[in-house]
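Raw work29.cif, mmCIF, C-alpha atoms:
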data_target
#
loop_
_atom_site.label_atom_id
_atom_site.label_comp_id
_atom_site.auth_asym_id
_atom_site.auth_seq_id
_atom_site.Cartn_x
_atom_site.Cartn_y
_atom_site.Cartn_z
CA MET G 267 96.86 90.97 -101.80
CA LYS G 268 97.00 87.73 -103.81
CA GLU G 269 100.68 88.32 -104.45
CA LYS G 270 101.41 88.51 -100.71
CA VAL G 271 99.49 85.30 -100.07
CA LEU G 272 101.36 83.57 -102.91
CA GLU G 273 104.65 84.93 -101.62
CA LYS G 274 103.91 83.63 -98.11
CA ASN G 275 102.88 80.23 -99.52
CA ASN G 276 106.07 80.04 -101.57
CA HIS G 277 108.17 80.98 -98.53
CA LEU G 278 106.42 78.35 -96.38
CA SER G 279 106.82 75.80 -99.16
CA GLN G 280 110.56 76.54 -99.35
CA ILE G 281 110.95 76.18 -95.59
CA LEU G 282 109.05 72.87 -95.48
CA SER G 283 110.96 71.46 -98.42
CA SER G 284 114.33 72.12 -96.81
CA THR G 285 116.25 69.06 -95.67
CA LYS G 286 116.41 70.32 -92.08
CA ALA G 287 112.63 70.74 -91.92
CA LYS G 288 112.14 67.24 -93.35
CA TYR G 289 114.44 65.80 -90.69
CA ILE G 290 112.68 67.65 -87.86
CA ILE G 291 109.17 66.84 -89.06
CA GLY G 292 110.16 63.22 -89.80
CA THR G 293 111.69 62.81 -86.36
CA VAL G 294 108.59 64.20 -84.65
CA LEU G 295 106.26 62.02 -86.73
CA LEU G 296 108.33 58.88 -86.12
CA SER G 297 108.39 59.66 -82.40
CA GLY G 298 104.60 59.79 -82.51
CA ILE G 299 104.51 56.49 -84.38
CA GLY G 300 106.89 55.02 -81.79
CA ILE G 301 104.36 55.92 -79.10
CA THR G 302 101.16 55.09 -81.01
CA LEU G 303 102.08 51.88 -82.83
CA PRO G 304 102.80 49.83 -79.66
CA ARG G 305 99.49 50.99 -78.22
CA ILE G 306 97.66 49.84 -81.36
CA PHE G 307 99.38 46.45 -81.23
CA HIS G 308 98.49 46.05 -77.53
CA ILE G 309 94.85 46.91 -78.21
CA LEU G 310 94.58 44.56 -81.20
CA ALA G 311 96.75 41.66 -80.02
CA GLY G 312 96.93 41.90 -76.23
CA ASN G 313 99.58 42.77 -73.66
CA THR G 314 102.25 40.48 -75.11
CA ALA G 315 102.04 42.09 -78.57
CA GLY G 316 104.93 44.45 -77.84
CA ALA G 317 107.35 41.63 -77.09
CA THR G 318 106.10 39.63 -80.07
CA PHE G 319 105.87 42.25 -82.82
CA LEU G 320 108.42 44.84 -81.54
CA PRO G 321 106.36 47.83 -82.75
CA MET G 322 108.44 50.47 -80.96
CA HIS G 323 111.54 49.21 -82.76
CA ILE G 324 109.94 49.95 -86.13
CA ALA G 325 109.92 53.73 -85.72
CA VAL G 326 113.50 53.76 -84.39
CA LEU G 327 114.82 51.60 -87.22
CA ILE G 328 113.05 53.69 -89.86
CA ALA G 329 114.50 56.86 -88.31
CA ALA G 330 118.00 55.37 -88.31
CA LEU G 331 117.83 54.39 -91.97
CA THR G 332 116.11 57.56 -93.13
CA PHE G 333 117.43 60.37 -90.94
CA GLY G 334 120.47 58.96 -89.12
CA ILE G 335 121.81 58.74 -85.61
CA THR G 336 120.49 61.94 -84.02
CA SER G 337 116.95 61.41 -85.25
CA SER G 338 116.83 57.74 -84.32
CA ALA G 339 118.22 58.43 -80.84
CA ILE G 340 115.55 61.10 -80.32
CA VAL G 341 112.86 58.72 -81.59
CA ALA G 342 114.14 55.98 -79.26
CA GLY G 343 114.23 58.21 -76.20
CA SER G 344 110.97 60.03 -76.80
CA SER G 345 109.09 56.85 -77.74
CA VAL G 346 110.06 55.01 -74.58
CA ILE G 347 109.68 57.93 -72.18
CA PHE G 348 106.43 59.35 -73.58
CA SER G 349 104.94 55.89 -74.02
CA TYR G 350 105.60 55.24 -70.35
CA LEU G 351 104.18 58.61 -69.31
CA LEU G 352 101.06 58.24 -71.45
CA THR G 353 100.34 54.51 -71.18
CA GLY G 354 102.47 53.11 -68.36
CA MET G 355 104.27 50.88 -70.85
CA PRO G 356 106.98 49.77 -70.70
CA SER G 357 106.84 49.39 -66.94
CA LEU G 358 109.11 51.70 -64.95
CA ALA G 359 111.34 48.73 -64.07
CA ARG G 360 111.80 47.83 -67.77
CA LEU G 361 112.00 51.41 -69.07
CA PRO G 362 115.79 51.86 -68.75
CA TYR G 363 116.43 48.49 -70.40
CA MET G 364 114.08 49.30 -73.29
CA LEU G 365 115.69 52.71 -73.70
CA ILE G 366 119.17 51.20 -73.80
CA GLU G 367 118.08 48.51 -76.25
CA LEU G 368 116.52 50.99 -78.67
CA LEU G 369 119.49 53.37 -78.41
CA ILE G 370 121.84 50.49 -79.27
CA TYR G 371 119.79 49.74 -82.39
CA ALA G 372 119.59 53.43 -83.32
CA VAL G 373 123.35 53.92 -83.12
CA LEU G 374 124.36 50.63 -84.77
CA LEU G 375 121.92 50.91 -87.66
CA SER G 376 122.87 54.52 -88.32
CA ILE G 377 126.55 53.55 -88.44
CA PHE G 378 126.07 50.41 -90.56
CA ASN G 379 123.83 52.27 -93.00
CA LYS G 380 126.70 54.58 -93.93
CA LYS G 381 128.69 51.59 -95.22
CA PHE G 382 126.13 49.01 -96.32
CA ASN G 383 122.70 48.81 -97.92
CA SER G 384 119.64 48.83 -95.68
CA TYR G 385 119.14 45.03 -95.69
CA ILE G 386 122.70 44.21 -94.64
CA SER G 387 122.67 47.08 -92.15
CA LEU G 388 119.42 45.87 -90.64
CA ILE G 389 120.57 42.25 -90.36
CA ALA G 390 123.89 43.30 -88.80
CA THR G 391 122.04 45.55 -86.34
CA ILE G 392 119.55 42.85 -85.38
CA VAL G 393 122.38 40.40 -84.65
CA LEU G 394 125.04 42.69 -83.17
CA GLY G 395 122.47 44.82 -81.35
CA ARG G 396 121.29 41.82 -79.40
CA VAL G 397 124.86 40.79 -78.61
CA VAL G 398 125.66 44.28 -77.31
CA TYR G 399 122.37 44.38 -75.40
CA ALA G 400 123.18 41.00 -73.80
CA GLY G 401 126.53 42.46 -72.70
CA VAL G 402 124.81 45.51 -71.22
CA LEU G 403 122.37 43.26 -69.36
CA ALA G 404 125.18 41.05 -68.07
CA PHE G 405 127.04 44.13 -66.85
CA ALA G 406 123.93 45.62 -65.21
CA ILE G 407 123.08 42.39 -63.47
CA ASN G 408 126.50 40.98 -62.55
CA VAL G 409 128.56 44.12 -61.96
CA ILE G 410 126.06 46.74 -60.84
CA GLY G 411 123.72 44.23 -59.23
CA LEU G 412 120.48 45.33 -60.87
CA SER G 413 117.55 42.96 -61.13
CA THR G 414 116.82 41.29 -64.46
CA TYR G 415 113.09 42.01 -64.15
CA GLY G 416 112.60 38.85 -66.19
CA ILE G 417 114.56 40.19 -69.15
CA SER G 418 116.38 37.59 -71.23
CA VAL G 419 117.88 38.31 -74.63
CA ILE G 420 117.46 34.69 -75.77
CA GLU G 421 113.79 34.65 -74.73
CA SER G 422 113.19 38.06 -76.31
CA ILE G 423 114.60 36.77 -79.60
CA LYS G 424 112.35 33.68 -79.50
CA ILE G 425 109.25 35.68 -78.62
CA GLY G 426 110.15 38.53 -80.98
CA LEU G 427 110.74 36.46 -84.13
CA PRO G 428 107.51 37.69 -85.77
CA GLY G 429 108.64 41.28 -85.14
CA ILE G 430 112.10 40.59 -86.55
CA VAL G 431 110.53 39.12 -89.69
CA ILE G 432 108.27 42.18 -90.03
CA GLN G 433 111.33 44.43 -89.65
CA LEU G 434 113.30 42.60 -92.32
CA LEU G 435 110.40 42.48 -94.78
CA CYS G 436 108.89 45.93 -94.33
CA ILE G 437 111.41 48.47 -93.05
CA PRO G 438 113.78 48.56 -96.07
CA ILE G 439 110.80 49.01 -98.39
CA ILE G 440 109.26 51.76 -96.24
CA VAL G 441 112.62 53.55 -96.03
CA LYS G 442 113.19 53.30 -99.78
CA ILE G 443 109.80 54.86 -100.44
CA MET G 444 110.37 57.59 -97.83
CA ASN G 445 113.81 58.47 -99.19
CA GLU G 446 112.46 58.66 -102.74
CA ARG G 447 109.42 60.74 -101.81
CA LEU G 448 111.28 63.05 -99.45
CA GLN G 449 114.32 63.18 -101.74
CA LEU G 450 116.61 62.38 -98.84
CA LYS G 451 119.92 60.66 -98.44
CA ASN G 452 120.87 59.54 -94.93
CA ASP G 453 123.85 61.67 -93.84
#
Let's see the structure in the file written out as structure tokens.
Amino acid sequence: MKEKVLEKNNHLSQILSSTKAKYIIGTVLLSGIGITLPRIFHILAGNTAGATFLPMHIAVLIAALTFGITSSAIVAGSSVIFSYLLTGMPSLARLPYMLIELLIYAVLLSIFNKKFNSYISLIATIVLGRVVYAGVLAFAINVIGLSTYGISVIESIKIGLPGIVIQLLCIPIIVKIMNERLQLKND
């Protein structure tokens, strides 16, 4: 009887220690963080905390550096959509813009991280991501004729400077620890 229990525990341990399981579990957990963390910031620091501290970005950027493009795109999409469904934030009008913004960061950071270290990748993503996002906004507004809903890349950079600083200071360290503990290498 004990042997069967030990055998089952060993089998479960092998499954959970596989790289695929780590990626799936990590993606699910980061999606949960992408939903929960903005809520915590809003409760502690008010309704403007999201724009100031960029908490939803954190989970997406960690996923991109740790698990790569597929994981970070899933975290971006699920965080925005489920956050809206559960909390009403971001507003329905801003939801597509937030989704596009986070997907841009997910893709760029995943790509840059294959060629550069996490700090350079993160800086390049923060800069180029906002340039690409500004282009998407210009296209949506000027070509398609969508409303801006008060969205401005320049204003979001000014307001979001504390969040950008948090990203640059914390995310590479968190990712380094995760990669060491999970024995992962971003593919």
Check your understanding: Of the candidates G:Lys286, G:Ala325, G:Ile306, G:Glu269, which one gets nearest to Ile437 of chain G if we count only C-alpha atoms?
Key -> G:Ala325
Exercise for review: Name the residues captured by the PyMOL selection byres ((chain G and resi 418) around 12) when it is applied to the shown file; answer as number ranges by chain.
Suggested key: G: 317, 360, 363, 396-397, 399-404, 407, 413-417, 419-426
**Study point:** Selection result of the PyMOL selection byres ((chain G and resi 345) around 9) on this file, as a VMD selection string
**Key:** chain G and resid 296 to 302 322 325 to 326 340 to 344 346 to 350 365
Practice item. Have a look at atom CA of Gly429 of chain G and atom CA of Leu320 of chain G and let me know their distance in Å, one decimal. Key: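 That distance, rounded to one decimal, is 5.1 Å.
Here atom CA of Pro321 of chain G stands at a distance of 10.6 Å from atom CA of Pro428 of chain G.
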Check your understanding: Interatomic distance between atom CA of Ser387 of chain G and atom CA of Arg447 of chain G?
Key ->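 Value for the atom CA of Ser387 of chain G-atom CA of Arg447 of chain G distance: 21.3 Å.
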What do you get, as a compact mmCIF listing (two decimals) with C-alpha atoms, in the frame of the given file, if you spell out every residue that the PyMOL selection byres ((chain G and resi 450) around 12) selects here?
# COMPACT_ATOMS: atom_id res chain seq x y z
CA SER G 283 110.96 71.46 -98.42
CA SER G 284 114.33 72.12 -96.81
CA THR G 285 116.25 69.06 -95.67
CA LYS G 286 116.41 70.32 -92.08
CA ALA G 287 112.63 70.74 -91.92
CA LYS G 288 112.14 67.24 -93.35
CA TYR G 289 114.44 65.80 -90.69
CA GLY G 292 110.16 63.22 -89.80
CA LEU G 331 117.83 54.39 -91.97
CA THR G 332 116.11 57.56 -93.13
CA PHE G 333 117.43 60.37 -90.94
CA GLY G 334 120.47 58.96 -89.12
CA VAL G 441 112.62 53.55 -96.03
CA LYS G 442 113.19 53.30 -99.78
CA ILE G 443 109.80 54.86 -100.44
CA MET G 444 110.37 57.59 -97.83
CA ASN G 445 113.81 58.47 -99.19
CA GLU G 446 112.46 58.66 -102.74
CA ARG G 447 109.42 60.74 -101.81
CA LEU G 448 111.28 63.05 -99.45
CA GLN G 449 114.32 63.18 -101.74
CA LYS G 451 119.92 60.66 -98.44
CA ASN G 452 120.87 59.54 -94.93
CA ASP G 453 123.85 61.67 -93.84
Review point. If we count only C-alpha atoms, what is near segment 374-377 of chain G at a cut-off of 6 Å, once residues fewer than 3 positions away on the same chain are taken out, given as number ranges by chain?
Key: G: 330, 334-335, 371, 380, 387, 391
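Proximity to Leu412 of chain G was assessed for G:Leu295, G:Leu369, G:Met364, G:Ala359 counting all atoms listed in the file; the smallest distance is recorded for G:Ala359.
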Practice item. Up to 12 Å from (103.0, 41.0, -83.5) in the file's coordinates: name the residues, counting only C-alpha atoms, as a ChimeraX atom specification. Key: /G:303-324,425-433
